[in-house]
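> Sharing a structure, written as structure tokens. Questions coming.
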Amino acid sequence: MSDNLPIVEDSADKFLCVRCSRHVKTCCQTSEVYATPGDVLRIAEFTGRDDFYEYRVPDDPVHLQEDGDPIWIENVIRPDGTRRVLQRQPDGDCTFLGDAGCALPLETRPLICRIYPFDYTADGLRDELAHGCPMELLPAGQSLLQALDIKRSDAERWHKQLYAEVLTERNANEMRANP
Ligand code: SF4
Ligand code: SF4
């Protein structure tokens, strides 16, 4: 989900996300995207809407396992097993995915979209990247991070912001329960 994603012209063939979208289902078509309370505010401010998210039990039960990250489970997963995620089209596409890629500016996209493909826990980014990108489409001589034009320093900043906003979930849930 690089900032280069919105480019679809032939001249953009060099961008990995464009080639990815032409060959396989992309992360924007297959992922359930958790949105923090901060993500919701930023997206609502940009779109003027607040109907772009819902609460769902994760399709993949792996998202309910602690996996060394109790902060995530305690704050993101609500007592009924649901979490806040972006709505998707019936075919699985994110509703913000258009013909030209993500309709949201980079600084408005959910934090987990911006951090991808870094993997992480509350303690920080893991050394190993997530495995969702089609490595077979990487240009010769380029690393995945080079091809996606994502810097570890940016991902570290977004990771800090992500967990700060995850910790606001409890207040958001309490306010909903006691309006
Ligand atoms: S899966 Fe990877 S290469 Fe494909 S669109 Fe997402 S970030 Fe880009
Ligand atoms: S918000 Fe944008 S980057 Fe994130 S899944 Fe949706 S289309 Fe992809």
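Residues are referred to by chain and number: the chain letter is A, B, ... according to the order shown in the structure tokens, the number counts from 1 in that chain, and ligands are numbered separately from 1 in the order shown.
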Residues near Asp69 of chain A, anyone? I mean within 12 Å using only C-alpha atoms, not counting same-chain ones fewer than 4 positions away, as a PDB file with C-alpha atoms, in the first residue's frame.

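See out.pdb below for the written result:
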ATOM      1  CA  HIS A  63      -6.448 -11.885  14.784  1.00  0.00           C
ATOM      2  CA  LEU A  64      -8.021 -13.003  18.066  1.00  0.00           C
ATOM      3  CA  GLN A  65      -4.836 -14.614  19.335  1.00  0.00           C
ATOM      4  CA  ILE A  73      -5.962  -7.814  21.921  1.00  0.00           C
ATOM      5  CA  GLU A  74      -7.042  -5.973  25.074  1.00  0.00           C
ATOM      6  CA  ASN A  75      -7.790  -2.733  23.285  1.00  0.00           C
ATOM      7  CA  VAL A  76      -8.708  -3.541  19.690  1.00  0.00           C
ATOM      8  CA  TYR A 120       5.068  -5.429  14.329  1.00  0.00           C
ATOM      9  CA  THR A 121       4.058  -5.852  17.937  1.00  0.00           C
ATOM     10  CA  ALA A 122       3.564  -3.191  20.606  1.00  0.00           C
ATOM     11  CA  ASP A 123       7.339  -3.230  21.124  1.00  0.00           C
ATOM     12  CA  GLY A 124       8.110  -2.087  17.605  1.00  0.00           C
ATOM     13  CA  TYR A 163      -0.287   2.161  19.445  1.00  0.00           C
TER      14      TYR A 163
END
> Excluding Cys28 of chain A and its own-chain neighbours fewer than 6 positions away, which residues fall within 10 Å of it when counting only C-alpha atoms? Please give them as an MDAnalysis selection string.
chainID A and resid 1 21 88 92:97 101:102 113
> All residues within 12 Å of ligand 2 are required, counting only C-alpha atoms and all ligand atoms; please report them as a PyMOL selection string.
chain A and resi 1-6+17+21+25-35+39-40+42-43+52-53+85-89+92-117
> Please, which residues of segment 42-152 of chain A, numbered as in this document, come out helix (DSSP H, G or I) from DSSP, as number ranges by chain?
A: 42-47, 61-64, 70-76, 106-108, 111-115, 135-137, 144-148, 152
> Looking at A:Ala44, A:Leu137, A:Val57, A:Leu125, which one is nearest to ligand 1, with distances taken over only C-alpha atoms and all ligand atoms?
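Under the stated criterion, the closest residue is A:Leu137.
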> For a quick check of understanding, using only C-alpha atoms and all ligand atoms, which of A:Glu128, A:Asp149, A:Asp60, A:Glu54 has the smallest distance to ligand 1?
A:Asp149
> Step one, run DSSP on the backbone; step two, keep only residues of segment 51-143 of chain A assigned to strand (DSSP E or B); then write them as number ranges by chain.
A: 53-56, 83-86, 88, 94, 97-98, 101-102, 118-121, 124-129
> Counting only C-alpha atoms, which residue out of A:Asp59, A:Glu156, A:Glu165, A:Glu136 sits closest to Asp119 of chain A?
A:Glu156
> Determine the nearest neighbour of ligand 1 from the options A:Ile77, A:Val24, A:Cys133, A:Ile71, counting only C-alpha atoms and all ligand atoms.
A:Cys133
